2 protein chains.
Amino acid sequence: MGAEPIGRNKWELDTPALCLDAAKLERNIARMAEYVLSRGIALRPHAKTHKCPTVAWMQLRAGAIGITCAKLSEAEVLAQAGIRDMLIANQVVGPDKVTRLAALATYTRVLVAVDDADNAEAISTAAVSRGVTVGVLVEVDVGMHRCGVPAGEPALALAQRVAALPGLRMEGLMGYEGQAVMIPDLAERTRVTREAMAQLIATRDLLLNAGLPVNIVSGAGTGTYAITGEVAGVTELQAGSYATMDARYRDLGAPFENALTVLARVVSVTAPDIAITDAGLKAMTTEFGMPALVGLEGWTVKGLAEEHGNLRRTGGRMLQRGEPVEFIPSHGCTTINLHDAFYVTRNDVVEAVWPIAARGCIR
Amino acid sequence: MGAEPIGRNKWELDTPALCLDAAKLERNIARMAEYVLSRGIALRPHAKTHKCPTVAWMQLRAGAIGITCAKLSEAEVLAQAGIRDMLIANQVVGPDKVTRLAALATYTRVLVAVDDADNAEAISTAAVSRGVTVGVLVEVDVGMHRCGVPAGEPALALAQRVAALPGLRMEGLMGYEGQAVMIPDLAERTRVTREAMAQLIATRDLLLNAGLPVNIVSGAGTGTYAITGEVAGVTELQAGSYATMDARYRDLGAPFENALTVLARVVSVTAPDIAITDAGLKAMTTEFGMPALVGLEGWTVKGLAEEHGNLRRTGGRMLQRGEPVEFIPSHGCTTINLHDAFYVTRNDVVEAVWPIAARGCIR
């Protein structure tokens, strides 16, 4: 950033700049808070999307009961920002990480996903040696076939093992219906989600019948929150993208506003129908497709190179060198992870710069 | 990183970890240095790949005459590390950046690519007001159709304008044959490269005939350095990936060793033919395809999710939870940009941790 950005007009920012519209962010957070309140369930929003303690605190102040993380190192950063209730919704594996997990549990409440008895034992040993208790959600594979034990008896057997281990607190179940979140057809998405969640609820019943505690049944992404949230027995949601949003979830019809954009600038115009911008693959990711242009009739994103965006015109006016251009990233989570800060705007004026403190926290 | 990594065995590192084999890196740097020496040309290696002042200094000590950067902010970081000769091989556009460029030129030698007279004038004005001189390479579009003026008369006209502007020093021409670097067939790659460079050399002749200085004629990537390096009139190369390498350039036959790898760990094994690792899209990029597995017979990378790698087995032994797995990134430049440090190993023992100081420098 050339000059102090606070107070500057967004369109004058040095580029590329990751921008976050404060009013849209606030409305997104409020909308999800109202939804879970109306359903009588809880929200533990995923911070892997925004990686920003400031946003996490906004979510907590709006009623979220805790924060979900993908990685232990994200939880450590949130703990440094004073957050005291975290779910690490992935397996924490290996001696270094298990030691760090127990250390984190000495000063904050930690829940972790477990899908293997040996891993549960390793965490138990580390917790006992630190004199702490780590909460456990048994992760059930509800059809995505990534992590998780199979629903039913295998989940029950693991839950019984967890409940018997010292230093662990058996808290419940988690199942992520990742195979459903991106299904374009809502009826089909609903069907697949309900099928996934039915397995989780059946497993819950099995555990309850066996006398095991199931205080928490957690699932859902931004594409399925309103389906999973209707399933009786689900106690909390862990959606994350809803707060900042992206083009993919917009196209899937998620009822949230695109608060997140990338501001770029035209750096070269070599022909009337070509404009090259300064935002490429190091500013926006493309695994879910090209970013969407904001308000530029007749232009499309032909491709992103490492350091450049390649825009093509089939109609509308020419672009000028130096002109700002705004994009909605196709995938917010991985795009945010490229940047060090959000330029937070209200009515197009920068009102804050928020560090993306957990950027790069992959361990 | 859980414990101090220096002195640890690489395979015990907490994961994901971006690893750099020191001996391979040194041999790659030496091999390119020997090549340019044998050709009597110069090397100004591109730092957009490694983004690391330590590697840049190794390249300079091996004989490189300066460093190439993609972005002004990368050059600023290298200048902080004591490097005093930088080519910014892209357009520097907008009032903030032009001011910063002139500021950088007060304490280091700066060359910048220019493809537009208005932009040249803006840089001239800023340079004059700071009392500095900025070196200029006129960027010629040699067939990639991204940035650059057309070869021939348009390039001559811009060069004349640059040469006439105060605060600028007309230094020469640059043309990046990006359309050629990834052509699999070497004969075709050679043909396209020679065609591109012929335009650059013809433009050089035009400028020389007009009495303009052309001290520098710069081009080449790692896929074309040995073709471009043979073209009479090319004075220097700006390849970058050769130092660390990646799977794409290995597959294209570049004669360098894969010094760069990502170490991951298996975090879940839910079936004998499936292994899930802790390194996903936030640890390795996929725009050039999946990363390559190192030494795991019978396994392939089925896909990367945000936080997970999904490995599938068609033969060979099963993988165990907790086991380390090593990948060669398909695209080194964007993968390195996800990480904060290289874990530098020799004979699989960590001997240093080098900050990727220019990571995220996109402005």
# chains A, B, ... in the order shown; residues from 1 in each chain; ligands from 1

$ residues_around --residues "Pro5 (chain A)" --least-positions-apart "6" --cutoff "12 Å" --atoms "only C-alpha atoms" --output "ChimeraX atom specification"
/A:11-15,17,19,341-345,348-354 /B:96

$ closest_atom_pairs --of "chain B" --to "chain A" --cutoff "6 Å" --atoms "only C-alpha atoms" --output "tab-separated table"
residue	atom	partner	partner_atom	distance
B:Gly2	CA	A:Asp96	CA	5.1
B:Thr15	CA	A:Arg363	CA	5.9
B:Val93	CA	A:Val267	CA	5.9
B:Gly94	CA	A:Gly322	CA	5.8
B:Asp96	CA	A:Gly2	CA	5.1
B:Cys147	CA	A:Ser268	CA	5.8
B:Val267	CA	A:Val93	CA	5.9
B:Ser268	CA	A:Cys147	CA	5.8
B:Gly322	CA	A:Gly94	CA	5.8
B:Arg363	CA	A:Thr15	CA	5.9

$ closest_residue --among "B:Arg44, B:Lys24, B:His331, B:Arg130" --to "Thr235 (chain B)" --atoms "only C-alpha atoms"
B:Arg44

$ atom_distance --atom1 "CA of Ala254 (chain A)" --atom2 "CA of Gln238 (chain A)"
15.1 Å

$ atom_distance --atom1 "CA of Asp273 (chain A)" --atom2 "CA of Arg313 (chain A)"
4.6 Å

$ select_by_dssp --residues "region 231-282 of chain B" --states "alpha helix (DSSP H)" --output "PyMOL selection string"
chain B and resi 247-251

$ atom_distance --atom1 "CA of Ala22 (chain A)" --atom2 "CA of Thr68 (chain A)"
21.7 Å

$ residues_around --residues "Glu230 (chain B)" --least-positions-apart "5" --cutoff "12 Å" --atoms "only C-alpha atoms" --output "list in words"
Tyr35, Val36, Ser38, Arg39, Gly40, Ile41, Thr190, Thr193, Arg194, Met197, Ala198, Gly219, Ala220, Thr224, Tyr225, Thr235, Glu236 and Leu237 of chain B

$ residues_around --residues "Val217 (chain B)" --least-positions-apart "3" --cutoff "6 Å" --atoms "only C-alpha atoms" --output "MDAnalysis selection string"
chainID B and resid 172:174 234:235

$ write_last_selection --atoms "all heavy atoms" --output "CSV table (one decimal), in the first residue's frame"
chain,number,residue,atom,x,y,z
B,172,GLY,N,17.1,-0.7,-23.3
B,172,GLY,CA,17.0,-1.8,-24.2
B,172,GLY,C,15.6,-2.4,-24.4
B,172,GLY,O,14.6,-1.7,-24.1
B,173,LEU,N,15.5,-3.7,-24.7
B,173,LEU,CA,14.3,-4.3,-25.0
B,173,LEU,C,14.1,-5.6,-24.2
B,173,LEU,O,15.0,-6.2,-23.8
B,173,LEU,CB,14.2,-4.7,-26.5
B,173,LEU,CG,14.3,-3.6,-27.5
B,173,LEU,CD1,14.5,-4.1,-28.9
B,173,LEU,CD2,13.1,-2.7,-27.4
B,174,MET,N,12.8,-5.9,-24.0
B,174,MET,CA,12.5,-7.2,-23.3
B,174,MET,C,11.3,-7.8,-24.1
B,174,MET,O,10.4,-7.1,-24.5
B,174,MET,CB,12.2,-6.9,-21.9
B,174,MET,CG,11.2,-7.9,-21.3
B,174,MET,SD,10.7,-7.4,-19.6
B,174,MET,CE,9.2,-8.5,-19.6
B,234,VAL,N,20.6,-11.6,-28.2
B,234,VAL,CA,20.0,-11.6,-26.9
B,234,VAL,C,21.2,-11.5,-25.9
B,234,VAL,O,22.2,-12.1,-26.0
B,234,VAL,CB,19.3,-13.0,-26.6
B,234,VAL,CG1,19.0,-13.2,-25.2
B,234,VAL,CG2,18.0,-13.1,-27.5
B,235,THR,N,21.1,-10.5,-25.0
B,235,THR,CA,22.2,-10.2,-24.1
B,235,THR,C,22.0,-10.8,-22.7
B,235,THR,O,23.0,-11.0,-22.0
B,235,THR,CB,22.4,-8.7,-23.9
B,235,THR,OG1,21.2,-8.2,-23.2
B,235,THR,CG2,22.5,-8.0,-25.2

$ select_by_dssp --residues "region 308-360 of chain A" --states "strand (DSSP E)" --output "list of chain:residue names"
A:Gly309, A:Asn310, A:Leu311, A:Arg312, A:Arg313, A:Pro324, A:Val325, A:Glu326, A:Phe327, A:Ile328, A:Ala341, A:Phe342, A:Tyr343, A:Val344, A:Thr345, A:Arg346, A:Val349, A:Val350, A:Glu351, A:Ala352, A:Val353, A:Trp354, A:Pro355

$ residues_around --residues "Glu297 (chain B)" --least-positions-apart "4" --cutoff "12 Å" --atoms "only C-alpha atoms" --output "PyMOL selection string"
chain B and resi 292-293+301+311-319+325

$ write_last_selection --atoms "all heavy atoms" --output "mmCIF file, in the first residue's frame"
data_model
loop_
_atom_site.group_PDB
_atom_site.id
_atom_site.type_symbol
_atom_site.label_atom_id
_atom_site.label_comp_id
_atom_site.auth_asym_id
_atom_site.auth_seq_id
_atom_site.Cartn_x
_atom_site.Cartn_y
_atom_site.Cartn_z
ATOM 1 N N ALA B 292 3.245 -34.244 -8.262
ATOM 2 C CA ALA B 292 3.746 -35.607 -8.498
ATOM 3 C C ALA B 292 4.204 -36.215 -7.177
ATOM 4 O O ALA B 292 4.851 -35.542 -6.368
ATOM 5 C CB ALA B 292 4.909 -35.556 -9.489
ATOM 6 N N LEU B 293 3.837 -37.459 -6.952
ATOM 7 C CA LEU B 293 4.300 -38.166 -5.757
ATOM 8 C C LEU B 293 5.749 -38.597 -5.940
ATOM 9 O O LEU B 293 6.147 -39.028 -7.020
ATOM 10 C CB LEU B 293 3.439 -39.401 -5.535
ATOM 11 C CG LEU B 293 2.149 -39.183 -4.756
ATOM 12 C CD1 LEU B 293 1.226 -40.372 -4.929
ATOM 13 C CD2 LEU B 293 2.460 -38.964 -3.282
ATOM 14 N N VAL B 301 -2.194 -39.147 -7.193
ATOM 15 C CA VAL B 301 -2.923 -38.066 -6.537
ATOM 16 C C VAL B 301 -4.253 -37.917 -7.253
ATOM 17 O O VAL B 301 -4.302 -37.460 -8.394
ATOM 18 C CB VAL B 301 -2.128 -36.746 -6.583
ATOM 19 C CG1 VAL B 301 -2.881 -35.650 -5.830
ATOM 20 C CG2 VAL B 301 -0.740 -36.947 -6.008
ATOM 21 N N LEU B 311 -5.186 -39.464 -2.041
ATOM 22 C CA LEU B 311 -4.321 -40.398 -2.767
ATOM 23 C C LEU B 311 -5.042 -41.721 -2.976
ATOM 24 O O LEU B 311 -5.742 -42.202 -2.092
ATOM 25 C CB LEU B 311 -3.021 -40.654 -1.989
ATOM 26 C CG LEU B 311 -2.243 -39.442 -1.488
ATOM 27 C CD1 LEU B 311 -0.901 -39.876 -0.900
ATOM 28 C CD2 LEU B 311 -2.032 -38.425 -2.585
ATOM 29 N N ARG B 312 -4.844 -42.295 -4.158
ATOM 30 C CA ARG B 312 -5.470 -43.573 -4.489
ATOM 31 C C ARG B 312 -4.406 -44.586 -4.893
ATOM 32 O O ARG B 312 -3.430 -44.235 -5.547
ATOM 33 C CB ARG B 312 -6.491 -43.396 -5.629
ATOM 34 C CG ARG B 312 -7.688 -42.576 -5.241
ATOM 35 C CD ARG B 312 -8.456 -43.184 -4.075
ATOM 36 N NE ARG B 312 -9.338 -42.201 -3.437
ATOM 37 C CZ ARG B 312 -10.661 -42.175 -3.589
ATOM 38 N NH1 ARG B 312 -11.251 -43.066 -4.349
ATOM 39 N NH2 ARG B 312 -11.379 -41.253 -2.954
ATOM 40 N N ARG B 313 -4.647 -45.850 -4.543
ATOM 41 C CA ARG B 313 -3.693 -46.920 -4.790
ATOM 42 C C ARG B 313 -4.231 -47.876 -5.841
ATOM 43 O O ARG B 313 -5.388 -48.302 -5.768
ATOM 44 C CB ARG B 313 -3.453 -47.680 -3.492
ATOM 45 C CG ARG B 313 -2.393 -48.771 -3.593
ATOM 46 C CD ARG B 313 -2.121 -49.355 -2.226
ATOM 47 N NE ARG B 313 -3.208 -50.210 -1.815
ATOM 48 C CZ ARG B 313 -3.068 -51.493 -1.459
ATOM 49 N NH1 ARG B 313 -1.868 -52.037 -1.434
ATOM 50 N NH2 ARG B 313 -4.110 -52.201 -1.094
ATOM 51 N N THR B 314 -3.374 -48.196 -6.822
ATOM 52 C CA THR B 314 -3.723 -49.258 -7.767
ATOM 53 C C THR B 314 -2.728 -50.406 -7.638
ATOM 54 O O THR B 314 -2.848 -51.415 -8.326
ATOM 55 C CB THR B 314 -3.693 -48.733 -9.216
ATOM 56 O OG1 THR B 314 -2.424 -48.111 -9.443
ATOM 57 C CG2 THR B 314 -4.791 -47.720 -9.456
ATOM 58 N N GLY B 315 -1.735 -50.244 -6.774
ATOM 59 C CA GLY B 315 -0.730 -51.283 -6.566
ATOM 60 C C GLY B 315 0.181 -50.852 -5.433
ATOM 61 O O GLY B 315 -0.031 -49.791 -4.838
ATOM 62 N N GLY B 316 1.189 -51.657 -5.138
ATOM 63 C CA GLY B 316 2.135 -51.297 -4.084
ATOM 64 C C GLY B 316 1.546 -51.508 -2.700
ATOM 65 O O GLY B 316 0.444 -52.016 -2.541
ATOM 66 N N ARG B 317 2.292 -51.037 -1.693
ATOM 67 C CA ARG B 317 1.900 -51.276 -0.304
ATOM 68 C C ARG B 317 0.878 -50.254 0.190
ATOM 69 O O ARG B 317 0.730 -49.181 -0.390
ATOM 70 C CB ARG B 317 3.136 -51.240 0.590
ATOM 71 C CG ARG B 317 3.775 -49.856 0.664
ATOM 72 C CD ARG B 317 4.980 -49.842 1.608
ATOM 73 N NE ARG B 317 5.587 -48.519 1.668
ATOM 74 C CZ ARG B 317 5.153 -47.532 2.455
ATOM 75 N NH1 ARG B 317 4.125 -47.713 3.251
ATOM 76 N NH2 ARG B 317 5.747 -46.341 2.428
ATOM 77 N N MET B 318 0.199 -50.575 1.258
ATOM 78 C CA MET B 318 -0.714 -49.631 1.911
ATOM 79 C C MET B 318 0.074 -48.519 2.597
ATOM 80 O O MET B 318 1.226 -48.716 2.981
ATOM 81 C CB MET B 318 -1.537 -50.349 2.982
ATOM 82 C CG MET B 318 -2.859 -50.903 2.513
ATOM 83 S SD MET B 318 -3.818 -51.544 3.946
ATOM 84 C CE MET B 318 -4.292 -50.022 4.807
ATOM 85 N N LEU B 319 -0.546 -47.376 2.756
ATOM 86 C CA LEU B 319 0.057 -46.296 3.529
ATOM 87 C C LEU B 319 -0.512 -46.316 4.944
ATOM 88 O O LEU B 319 -1.677 -46.683 5.158
ATOM 89 C CB LEU B 319 -0.230 -44.947 2.872
ATOM 90 C CG LEU B 319 0.612 -44.642 1.628
ATOM 91 C CD1 LEU B 319 0.110 -43.390 0.929
ATOM 92 C CD2 LEU B 319 2.081 -44.459 2.019
ATOM 93 N N VAL B 325 4.666 -38.235 3.319
ATOM 94 C CA VAL B 325 4.547 -38.423 1.874
ATOM 95 C C VAL B 325 5.100 -37.153 1.227
ATOM 96 O O VAL B 325 4.821 -36.049 1.697
ATOM 97 C CB VAL B 325 3.070 -38.610 1.456
ATOM 98 C CG1 VAL B 325 2.945 -38.744 -0.050
ATOM 99 C CG2 VAL B 325 2.461 -39.824 2.151
#

$ decode --residues "region 86-148 of chain A" --atoms "C-alpha atoms" --output "mmCIF file, in the first residue's frame"
data_model
loop_
_atom_site.group_PDB
_atom_site.id
_atom_site.type_symbol
_atom_site.label_atom_id
_atom_site.label_comp_id
_atom_site.auth_asym_id
_atom_site.auth_seq_id
_atom_site.Cartn_x
_atom_site.Cartn_y
_atom_site.Cartn_z
ATOM 1 C CA MET A 86 -12.548 -23.934 19.165
ATOM 2 C CA LEU A 87 -13.417 -27.017 17.160
ATOM 3 C CA ILE A 88 -10.604 -28.360 14.996
ATOM 4 C CA ALA A 89 -12.752 -30.148 12.451
ATOM 5 C CA ASN A 90 -9.935 -32.347 11.157
ATOM 6 C CA GLN A 91 -7.625 -35.045 12.379
ATOM 7 C CA VAL A 92 -4.669 -33.793 14.423
ATOM 8 C CA VAL A 93 -1.958 -36.353 13.668
ATOM 9 C CA GLY A 94 1.693 -36.772 14.577
ATOM 10 C CA PRO A 95 3.694 -36.244 17.783
ATOM 11 C CA ASP A 96 4.382 -32.529 17.203
ATOM 12 C CA LYS A 97 0.759 -31.680 16.625
ATOM 13 C CA VAL A 98 -0.644 -33.829 19.421
ATOM 14 C CA THR A 99 1.729 -32.109 21.866
ATOM 15 C CA ARG A 100 0.623 -28.693 20.588
ATOM 16 C CA LEU A 101 -3.037 -29.718 20.863
ATOM 17 C CA ALA A 102 -2.633 -30.581 24.540
ATOM 18 C CA ALA A 103 -0.767 -27.314 25.111
ATOM 19 C CA LEU A 104 -3.607 -25.368 23.468
ATOM 20 C CA ALA A 105 -6.095 -27.166 25.726
ATOM 21 C CA THR A 106 -4.328 -25.804 28.805
ATOM 22 C CA TYR A 107 -5.634 -22.320 28.128
ATOM 23 C CA THR A 108 -8.672 -22.746 25.891
ATOM 24 C CA ARG A 109 -11.563 -25.158 25.321
ATOM 25 C CA VAL A 110 -10.680 -27.411 22.411
ATOM 26 C CA LEU A 111 -12.728 -29.939 20.484
ATOM 27 C CA VAL A 112 -11.069 -32.118 17.858
ATOM 28 C CA ALA A 113 -12.331 -34.500 15.178
ATOM 29 C CA VAL A 114 -11.133 -38.088 15.584
ATOM 30 C CA ASP A 115 -11.651 -41.011 13.213
ATOM 31 C CA ASP A 116 -9.109 -43.517 14.526
ATOM 32 C CA ALA A 117 -8.528 -45.232 17.875
ATOM 33 C CA ASP A 118 -4.723 -44.968 17.759
ATOM 34 C CA ASN A 119 -5.002 -41.241 17.164
ATOM 35 C CA ALA A 120 -7.456 -40.965 20.074
ATOM 36 C CA GLU A 121 -4.960 -42.770 22.297
ATOM 37 C CA ALA A 122 -2.108 -40.485 21.264
ATOM 38 C CA ILE A 123 -4.212 -37.429 22.118
ATOM 39 C CA SER A 124 -5.291 -39.031 25.388
ATOM 40 C CA THR A 125 -1.669 -39.665 26.402
ATOM 41 C CA ALA A 126 -0.643 -36.090 25.592
ATOM 42 C CA ALA A 127 -3.672 -34.672 27.428
ATOM 43 C CA VAL A 128 -3.025 -36.777 30.543
ATOM 44 C CA SER A 129 0.631 -35.766 30.610
ATOM 45 C CA ARG A 130 -0.418 -32.075 30.499
ATOM 46 C CA GLY A 131 -3.256 -32.607 32.973
ATOM 47 C CA VAL A 132 -5.856 -31.295 30.505
ATOM 48 C CA THR A 133 -9.009 -32.554 28.836
ATOM 49 C CA VAL A 134 -9.561 -32.464 25.090
ATOM 50 C CA GLY A 135 -13.119 -32.665 23.764
ATOM 51 C CA VAL A 136 -13.671 -35.146 20.951
ATOM 52 C CA LEU A 137 -16.157 -35.352 18.119
ATOM 53 C CA VAL A 138 -16.081 -38.697 16.378
ATOM 54 C CA GLU A 139 -15.988 -37.892 12.676
ATOM 55 C CA VAL A 140 -18.375 -40.004 10.632
ATOM 56 C CA ASP A 141 -17.969 -40.438 6.881
ATOM 57 C CA VAL A 142 -21.430 -39.421 5.678
ATOM 58 C CA GLY A 143 -20.665 -40.081 2.036
ATOM 59 C CA MET A 144 -17.822 -37.799 0.967
ATOM 60 C CA HIS A 145 -15.313 -40.640 1.510
ATOM 61 C CA ARG A 146 -12.519 -38.432 2.741
ATOM 62 C CA CYS A 147 -11.971 -38.737 6.480
ATOM 63 C CA GLY A 148 -14.301 -40.246 9.081
#
